[in-house]
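Structure data follow from run39.cif (mmCIF, C-alpha atoms):
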```cif
data_model
#
loop_
_atom_site.label_atom_id
_atom_site.label_comp_id
_atom_site.auth_asym_id
_atom_site.auth_seq_id
_atom_site.Cartn_x
_atom_site.Cartn_y
_atom_site.Cartn_z
CA MET R 299 115.30 121.21 -28.21
CA THR R 300 114.28 117.77 -27.08
CA THR R 301 115.59 115.61 -24.33
CA ALA R 302 115.78 111.93 -24.86
CA THR R 303 117.03 108.97 -22.92
CA ILE R 304 119.78 107.02 -24.62
CA ASN R 305 121.33 104.11 -22.80
CA GLY R 306 119.83 105.30 -19.52
CA LEU R 307 121.28 108.81 -19.89
CA GLU R 308 119.12 111.84 -20.39
CA VAL R 309 120.61 113.92 -23.21
CA HIS R 310 119.63 116.86 -25.43
CA VAL R 311 119.21 116.12 -29.12
CA ASP R 312 118.08 118.06 -32.18
CA GLU R 313 115.21 116.99 -34.43
CA GLU R 314 117.49 114.63 -36.37
CA GLY R 315 118.96 113.01 -33.29
CA PHE R 316 122.36 114.76 -33.12
CA LEU R 317 123.45 115.52 -29.56
CA THR R 318 123.38 119.25 -28.89
CA ASN R 319 125.36 119.43 -25.68
CA TYR R 320 129.08 118.65 -25.95
CA GLN R 321 129.29 117.70 -22.27
CA GLU R 322 126.57 115.07 -22.38
CA TRP R 323 128.50 112.71 -24.66
CA THR R 324 130.21 109.66 -23.22
CA GLU R 325 132.14 106.84 -24.86
CA ASP R 326 129.40 104.38 -23.89
CA LEU R 327 126.90 106.63 -25.58
CA ALA R 328 129.05 106.72 -28.72
CA ALA R 329 128.82 102.94 -29.02
CA VAL R 330 125.03 103.16 -28.90
CA LEU R 331 124.91 105.99 -31.44
CA ALA R 332 127.24 104.04 -33.73
CA ALA R 333 125.07 100.93 -33.46
CA ASN R 334 122.02 103.09 -34.30
CA ILE R 335 123.51 103.77 -37.74
CA GLY R 336 125.06 100.37 -38.28
CA VAL R 337 128.68 101.22 -37.43
CA GLU R 338 130.69 98.87 -35.23
CA LEU R 339 133.43 100.85 -33.51
CA THR R 340 137.01 99.65 -33.85
CA ASP R 341 140.21 101.25 -32.51
CA GLU R 342 140.56 103.13 -35.78
CA HIS R 343 137.04 104.59 -35.40
CA TRP R 344 137.93 105.65 -31.88
CA ARG R 345 141.06 107.46 -33.01
CA VAL R 346 138.97 109.50 -35.45
CA LEU R 347 136.26 110.18 -32.86
CA ARG R 348 138.80 111.35 -30.27
CA PHE R 349 140.36 113.69 -32.80
CA LEU R 350 136.93 115.15 -33.61
CA ARG R 351 136.11 115.66 -29.93
CA GLU R 352 139.45 117.32 -29.20
CA ASP R 353 139.33 119.46 -32.33
CA PHE R 354 135.81 120.64 -31.53
CA ALA R 355 136.89 121.60 -28.03
CA LYS R 356 139.61 123.79 -29.56
CA GLN R 357 137.81 125.15 -32.63
CA GLY R 358 134.17 125.25 -31.55
CA GLU R 359 133.30 123.70 -34.89
CA THR R 360 133.10 120.13 -36.13
CA ALA R 361 136.01 119.17 -38.40
CA THR R 362 135.16 118.53 -42.04
CA ILE R 363 136.59 115.53 -43.93
CA ARG R 364 139.29 117.86 -45.25
CA ARG R 365 140.29 118.98 -41.77
CA THR R 366 140.12 115.46 -40.36
CA SER R 367 142.53 114.45 -43.08
CA THR R 368 144.93 117.43 -43.12
CA VAL R 369 144.97 118.29 -39.40
CA GLY R 370 144.04 114.92 -37.91
CA GLY R 371 146.24 112.99 -40.31
CA PHE R 372 143.58 110.45 -41.28
CA ASP R 373 143.48 109.08 -44.81
CA THR R 374 140.40 110.29 -46.69
CA LYS R 375 139.88 106.90 -48.32
CA ALA R 376 139.97 105.22 -44.92
CA LEU R 377 137.34 107.61 -43.55
CA PHE R 378 134.98 106.56 -46.33
CA VAL R 379 135.56 102.92 -45.35
CA LEU R 380 135.14 103.50 -41.60
CA PHE R 381 132.04 105.66 -41.98
CA PRO R 382 130.60 104.64 -45.36
CA LYS R 383 128.73 106.97 -47.73
CA LYS R 384 128.38 110.02 -45.49
CA PRO R 385 131.53 110.08 -43.37
CA ALA R 386 131.39 113.67 -42.12
CA LYS R 387 127.84 113.43 -40.83
CA LYS R 388 128.24 109.93 -39.42
CA MET R 389 131.44 110.90 -37.60
CA ALA R 390 129.76 113.97 -36.13
CA TYR R 391 126.69 112.00 -35.04
CA ILE R 392 128.70 109.35 -33.21
CA ALA R 393 131.05 111.94 -31.69
CA GLY R 394 128.07 113.85 -30.30
CA LEU R 395 128.86 116.95 -32.33
CA PRO R 396 126.84 119.11 -34.74
CA LYS R 397 127.16 118.51 -38.48
CA PRO R 398 130.20 120.29 -39.93
CA LYS R 399 129.42 123.78 -41.22
CA GLY R 400 132.32 124.15 -43.66
CA CYS R 401 131.83 123.50 -47.37
CA VAL R 402 135.15 121.69 -47.84
CA MET L 131 113.58 125.99 -20.79
CA THR L 132 109.86 125.92 -21.36
CA ASN L 133 109.68 124.37 -24.79
CA GLU L 134 111.38 121.16 -23.82
CA ARG L 135 109.72 117.84 -24.16
CA THR L 136 110.98 114.51 -23.05
CA ASP L 137 111.11 111.50 -25.33
CA THR L 138 112.25 108.13 -24.21
CA THR L 139 113.79 107.39 -27.59
CA ALA L 140 115.97 109.80 -29.52
CA PRO L 141 115.45 110.12 -33.26
CA VAL L 142 118.14 108.51 -35.42
CA PRO L 143 119.35 110.43 -38.49
CA ASN L 144 118.25 108.81 -41.71
CA PHE L 145 121.69 108.59 -43.35
CA ASP L 146 120.83 105.87 -45.79
CA GLY L 147 117.31 106.93 -46.58
CA GLY L 148 115.93 108.67 -49.61
CA GLU L 149 117.56 108.14 -52.96
CA THR L 150 120.24 105.50 -52.76
CA ASP L 151 121.52 105.68 -56.31
CA ARG L 152 122.11 109.41 -56.70
CA LYS L 153 124.62 110.29 -59.37
CA LEU L 154 126.11 113.62 -60.39
CA ALA L 155 128.08 114.46 -63.53
CA ILE L 156 129.86 117.79 -63.76
CA ILE L 157 131.28 119.19 -66.99
CA CYS L 158 134.22 121.48 -66.20
CA SER L 159 134.80 123.72 -69.21
CA LYS L 160 136.60 126.70 -67.68
CA GLY L 161 140.26 127.19 -66.91
CA ASN L 162 140.10 130.32 -64.78
CA LEU L 163 141.07 129.89 -61.15
CA ASP L 164 137.72 131.14 -59.89
CA MET L 165 135.73 128.93 -62.25
CA ALA L 166 137.66 125.80 -61.34
CA TYR L 167 136.30 125.81 -57.82
CA PRO L 168 132.50 125.51 -58.18
CA GLY L 169 132.81 122.08 -59.79
CA LEU L 170 135.42 120.89 -57.30
CA VAL L 171 133.50 122.08 -54.25
CA LEU L 172 130.24 120.55 -55.44
CA ALA L 173 131.89 117.27 -56.45
CA ASN L 174 133.51 117.03 -53.04
CA ALA L 175 130.26 117.83 -51.24
CA ALA L 176 128.32 115.29 -53.27
CA LEU L 177 130.90 112.58 -52.55
CA GLY L 178 130.59 113.36 -48.85
CA GLU L 179 126.86 112.69 -49.19
CA GLY L 180 127.39 109.29 -50.75
CA VAL L 181 126.63 110.45 -54.29
CA GLU L 182 128.47 108.87 -57.24
CA VAL L 183 130.39 111.68 -58.99
CA HIS L 184 131.93 111.99 -62.45
CA LEU L 185 133.88 115.05 -63.58
CA PHE L 186 134.36 115.59 -67.30
CA PHE L 187 137.02 118.10 -68.28
CA THR L 188 136.69 119.80 -71.63
CA PHE L 189 138.10 122.79 -73.51
CA TRP L 190 139.57 125.34 -71.09
CA GLY L 191 138.69 123.03 -68.22
CA PHE L 192 141.63 120.94 -69.40
CA ASP L 193 143.92 123.32 -67.56
CA MET L 194 142.54 121.85 -64.32
CA ILE L 195 143.95 118.41 -65.16
CA THR L 196 146.97 119.22 -67.32
CA LYS L 197 150.07 118.55 -65.24
CA LYS L 198 151.90 121.59 -66.58
CA ARG L 199 149.02 123.98 -65.94
CA MET L 200 146.92 122.72 -63.05
CA LYS L 201 149.08 124.47 -60.46
CA GLY L 202 149.04 127.77 -62.31
CA LEU L 203 145.40 128.69 -62.96
CA LYS L 204 144.82 132.43 -62.99
CA LEU L 205 142.18 134.99 -62.20
CA THR L 206 141.76 138.13 -64.28
CA PRO L 207 139.63 141.19 -63.54
CA LEU L 208 139.18 141.62 -67.33
CA GLY L 209 135.55 141.16 -68.29
CA ASN L 210 134.60 140.42 -64.70
CA THR L 211 132.48 143.32 -63.50
CA ALA L 212 131.89 141.58 -60.17
CA MET L 213 135.44 142.49 -59.19
CA HIS L 214 134.39 146.15 -59.24
CA LEU L 215 137.65 147.43 -60.68
CA PRO L 216 138.04 149.74 -63.69
CA GLN L 217 138.14 147.42 -66.71
CA GLY L 218 141.23 149.21 -68.09
CA LEU L 219 143.16 148.07 -65.04
CA GLY L 220 142.74 144.44 -66.04
CA GLY L 221 145.04 144.93 -69.02
CA VAL L 222 147.87 146.47 -67.02
CA PRO L 223 150.84 144.07 -66.78
CA GLY L 224 151.02 142.40 -63.39
CA VAL L 225 147.39 142.93 -62.46
CA THR L 226 146.36 139.37 -63.34
CA ALA L 227 149.23 138.01 -61.25
CA MET L 228 148.25 140.23 -58.36
CA ALA L 229 144.56 139.29 -58.55
CA THR L 230 145.53 135.61 -58.76
CA ALA L 231 147.81 135.80 -55.73
CA LEU L 232 145.11 137.54 -53.73
CA MET L 233 142.46 134.98 -54.71
CA ARG L 234 144.79 132.11 -53.80
CA LYS L 235 145.31 133.67 -50.39
CA HIS L 236 141.57 133.99 -49.80
CA ILE L 237 140.96 130.40 -50.92
CA ALA L 238 143.69 129.08 -48.60
CA ALA L 239 142.37 131.21 -45.74
CA VAL L 240 139.07 129.29 -45.74
CA GLY L 241 140.91 125.97 -45.68
CA VAL L 242 140.18 125.07 -49.30
CA PRO L 243 143.00 123.25 -51.10
CA GLU L 244 144.73 124.18 -54.35
CA VAL L 245 143.44 122.47 -57.50
CA PRO L 246 145.84 119.44 -57.52
CA ASP L 247 145.25 118.78 -53.82
CA PHE L 248 141.54 119.15 -54.28
CA LEU L 249 141.58 116.59 -57.11
CA ASP L 250 143.54 114.23 -54.83
CA GLN L 251 140.84 114.55 -52.22
CA ILE L 252 138.03 114.03 -54.74
CA VAL L 253 139.70 110.88 -56.06
CA ALA L 254 140.35 109.60 -52.53
CA SER L 255 136.65 110.15 -51.82
CA GLY L 256 135.73 107.96 -54.78
CA GLY L 257 135.21 110.56 -57.51
CA HIS L 258 135.88 109.76 -61.19
CA LEU L 259 137.81 112.06 -63.54
CA TRP L 260 137.46 111.97 -67.33
CA ALA L 261 139.16 113.97 -70.07
CA CYS L 262 137.49 115.04 -73.32
CA LYS L 263 138.97 113.44 -76.44
CA MET L 264 138.31 116.35 -78.78
CA SER L 265 140.08 118.75 -76.41
CA ALA L 266 143.02 116.38 -75.99
CA ASP L 267 143.33 116.05 -79.78
CA MET L 268 143.09 119.80 -80.34
CA MET L 269 145.66 120.58 -77.67
CA LYS L 270 147.83 117.63 -78.68
CA LEU L 271 147.83 116.24 -75.17
CA LEU L 272 148.25 112.59 -74.26
CA LYS L 273 147.18 110.66 -71.17
CA ASP L 274 150.70 111.14 -69.74
CA ASP L 275 150.31 114.91 -69.89
CA LEU L 276 147.30 114.68 -67.62
CA TYR L 277 146.90 114.33 -63.87
CA ASP L 278 147.52 110.67 -63.05
CA ALA L 279 144.11 109.90 -61.60
CA VAL L 280 142.30 110.83 -64.82
CA GLU L 281 140.70 107.49 -65.71
CA GLY L 282 140.63 108.01 -69.43
CA ILE L 283 140.34 110.25 -72.45
CA ILE L 284 136.83 109.64 -73.69
CA ASN L 285 134.59 111.00 -76.43
CA ALA L 286 131.27 112.76 -76.03
CA SER L 287 129.18 109.60 -76.47
CA ASP L 288 131.26 107.76 -73.88
CA PHE L 289 130.55 110.57 -71.45
CA ILE L 290 126.82 110.54 -72.21
CA GLU L 291 126.86 106.82 -71.44
CA ILE L 292 128.79 107.31 -68.18
CA ALA L 293 126.41 110.09 -67.19
CA SER L 294 123.39 107.86 -67.68
CA GLY L 295 120.89 108.57 -64.92
CA ALA L 296 123.01 111.37 -63.47
CA ARG L 297 122.10 114.95 -62.69
CA LEU L 298 124.18 117.04 -65.02
CA LEU L 299 125.96 120.27 -64.25
CA PHE L 300 127.78 122.38 -66.84
CA ILE L 301 130.34 124.83 -65.54
#
```
Show how you would write the structure in this file as structure tokens.
Amino acid sequence: MTTATINGLEVHVDEEGFLTNYQEWTEDLAAVLAANIGVELTDEHWRVLRFLREDFAKQGETATIRRTSTVGGFDTKALFVLFPKKPAKKMAYIAGLPKPKGCV
Amino acid sequence: MTNERTDTTAPVPNFDGGETDRKLAIICSKGNLDMAYPGLVLANAALGEGVEVHLFFTFWGFDMITKKRMKGLKLTPLGNTAMHLPQGLGGVPGVTAMATALMRKHIAAVGVPEVPDFLDQIVASGGHLWACKMSADMMKLLKDDLYDAVEGIINASDFIEIASGARLLFI
């Protein structure tokens, strides 16, 4: 476990840079994380991120693309546009959550 | 915590690093319910990692994309010792239906979609579906008989061309 300072906040991150403490995430932080991986957050990104945060709070696990689409109601195609190439991991990173564990 | 260290900058995941042109081609040749899933799960996972994916359906794998059959794939204990049932039981009427219903329940319980839904998701994620010409000819099936998102009925050489540079998986 490493602590790092992002945007003036001291946070815990894993070796890849994913936040490891749910509580340490803030919306300001999300904007910095998104910029780190070349994503500019729009309202649509925020709707997805809020769903992921809320779902994690309930389930204790990061939603997969499948769950984000079936439970969150987001279009799979749109997720690939919002978070290109690796949507599940990019969404998790920006939302300050671990990578999804589920296969599907 | 004693093993903590403090960095001023956090590492950033290398999402776009490594190979940028990865490509995977999966040949789906089986029509059993249990054998439909490995290809679908791997295709879906690869798409989620930014890999270009092509699925080629051939022989019994055609059941996965044939409109009339794709919803009704079955699982049989016959010849499958991993189900640990007496082999004679597999031939008893109703056992295949029972095994299939049970498998469907287990698949749904882990949040994995049925075959048609799964194909929808794969296509929405950018995956490409192809049907084998020889199988279509043998089974007398036309493009209209197949799942709408199948991009074409192609021959073996077409597929070899499409799969150029891809990792190949035969299921």
### Query
Counting all atoms listed in the file, what is within 6 Å of region 357-374 of chain R, bar same-chain residues fewer than 2 positions away, as a count of residues only?
8
When the PyMOL selection byres ((chain L and resi 154-171) around 9) is applied to the file above, which residues end up in the set, as an mmCIF file with C-alpha atoms, in the frame of the given file?
```cif
data_model
loop_
_atom_site.group_PDB
_atom_site.id
_atom_site.type_symbol
_atom_site.label_atom_id
_atom_site.label_comp_id
_atom_site.auth_asym_id
_atom_site.auth_seq_id
_atom_site.Cartn_x
_atom_site.Cartn_y
_atom_site.Cartn_z
ATOM 1 C CA CYS R 401 131.830 123.500 -47.370
ATOM 2 C CA VAL R 402 135.150 121.690 -47.840
ATOM 3 C CA ARG L 152 122.110 109.410 -56.700
ATOM 4 C CA LYS L 153 124.620 110.290 -59.370
ATOM 5 C CA LEU L 172 130.240 120.550 -55.440
ATOM 6 C CA ALA L 173 131.890 117.270 -56.450
ATOM 7 C CA ASN L 174 133.510 117.030 -53.040
ATOM 8 C CA ALA L 175 130.260 117.830 -51.240
ATOM 9 C CA ALA L 176 128.320 115.290 -53.270
ATOM 10 C CA VAL L 181 126.630 110.450 -54.290
ATOM 11 C CA GLU L 182 128.470 108.870 -57.240
ATOM 12 C CA VAL L 183 130.390 111.680 -58.990
ATOM 13 C CA HIS L 184 131.930 111.990 -62.450
ATOM 14 C CA LEU L 185 133.880 115.050 -63.580
ATOM 15 C CA PHE L 186 134.360 115.590 -67.300
ATOM 16 C CA PHE L 187 137.020 118.100 -68.280
ATOM 17 C CA THR L 188 136.690 119.800 -71.630
ATOM 18 C CA PHE L 189 138.100 122.790 -73.510
ATOM 19 C CA TRP L 190 139.570 125.340 -71.090
ATOM 20 C CA GLY L 191 138.690 123.030 -68.220
ATOM 21 C CA PHE L 192 141.630 120.940 -69.400
ATOM 22 C CA ASP L 193 143.920 123.320 -67.560
ATOM 23 C CA MET L 194 142.540 121.850 -64.320
ATOM 24 C CA MET L 200 146.920 122.720 -63.050
ATOM 25 C CA GLY L 202 149.040 127.770 -62.310
ATOM 26 C CA LEU L 203 145.400 128.690 -62.960
ATOM 27 C CA LYS L 204 144.820 132.430 -62.990
ATOM 28 C CA LEU L 205 142.180 134.990 -62.200
ATOM 29 C CA THR L 206 141.760 138.130 -64.280
ATOM 30 C CA THR L 230 145.530 135.610 -58.760
ATOM 31 C CA MET L 233 142.460 134.980 -54.710
ATOM 32 C CA ARG L 234 144.790 132.110 -53.800
ATOM 33 C CA VAL L 242 140.180 125.070 -49.300
ATOM 34 C CA VAL L 245 143.440 122.470 -57.500
ATOM 35 C CA PHE L 248 141.540 119.150 -54.280
ATOM 36 C CA LEU L 249 141.580 116.590 -57.110
ATOM 37 C CA ILE L 252 138.030 114.030 -54.740
ATOM 38 C CA ILE L 292 128.790 107.310 -68.180
ATOM 39 C CA ALA L 293 126.410 110.090 -67.190
ATOM 40 C CA GLY L 295 120.890 108.570 -64.920
ATOM 41 C CA ALA L 296 123.010 111.370 -63.470
ATOM 42 C CA ARG L 297 122.100 114.950 -62.690
ATOM 43 C CA LEU L 298 124.180 117.040 -65.020
ATOM 44 C CA LEU L 299 125.960 120.270 -64.250
ATOM 45 C CA PHE L 300 127.780 122.380 -66.840
ATOM 46 C CA ILE L 301 130.340 124.830 -65.540
#
```
### Summary
What separates CA of Ala229 (chain L) and CA of Thr196 (chain L) is a distance of 22.0 Å
#### Entry: Distance of CA of Met268 (chain L) from CA of Glu281 (chain L), expressed in Å to one decimal place
19.3 Å
### Task
To verify the selection step, state as a VMD selection string which residues the PyMOL selection byres ((chain R) within 10 of (chain L)) yields on this input.
chain R and resid 299 to 306 308 to 317 331 334 to 335 362 to 365 367 to 368 373 to 379 382 to 388 391 400 to 402
### Message
With the PyMOL selection byres ((chain R and resi 338-345) around 10) as the selection, what would be picked from this file? Answer as a ChimeraX atom specification, please.
### Response
/R:325,328-337,346-350,370,372,376-377,380-381,389,392-393
Using only C-alpha atoms, please write the residues we just selected to a file, as a CSV table (one decimal), in the frame of the given file.
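Resulting contents of part.csv:
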```
chain,number,residue,atom,x,y,z
R,325,GLU,CA,132.1,106.8,-24.9
R,328,ALA,CA,129.0,106.7,-28.7
R,329,ALA,CA,128.8,102.9,-29.0
R,330,VAL,CA,125.0,103.2,-28.9
R,331,LEU,CA,124.9,106.0,-31.4
R,332,ALA,CA,127.2,104.0,-33.7
R,333,ALA,CA,125.1,100.9,-33.5
R,334,ASN,CA,122.0,103.1,-34.3
R,335,ILE,CA,123.5,103.8,-37.7
R,336,GLY,CA,125.1,100.4,-38.3
R,337,VAL,CA,128.7,101.2,-37.4
R,346,VAL,CA,139.0,109.5,-35.4
R,347,LEU,CA,136.3,110.2,-32.9
R,348,ARG,CA,138.8,111.4,-30.3
R,349,PHE,CA,140.4,113.7,-32.8
R,350,LEU,CA,136.9,115.2,-33.6
R,370,GLY,CA,144.0,114.9,-37.9
R,372,PHE,CA,143.6,110.4,-41.3
R,376,ALA,CA,140.0,105.2,-44.9
R,377,LEU,CA,137.3,107.6,-43.6
R,380,LEU,CA,135.1,103.5,-41.6
R,381,PHE,CA,132.0,105.7,-42.0
R,389,MET,CA,131.4,110.9,-37.6
R,392,ILE,CA,128.7,109.4,-33.2
R,393,ALA,CA,131.0,111.9,-31.7
```
### CA of Leu395 (chain R) to CA of Tyr320 (chain R), straight-line distance in Å
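CA of Leu395 (chain R) lies 6.6 Å from CA of Tyr320 (chain R).
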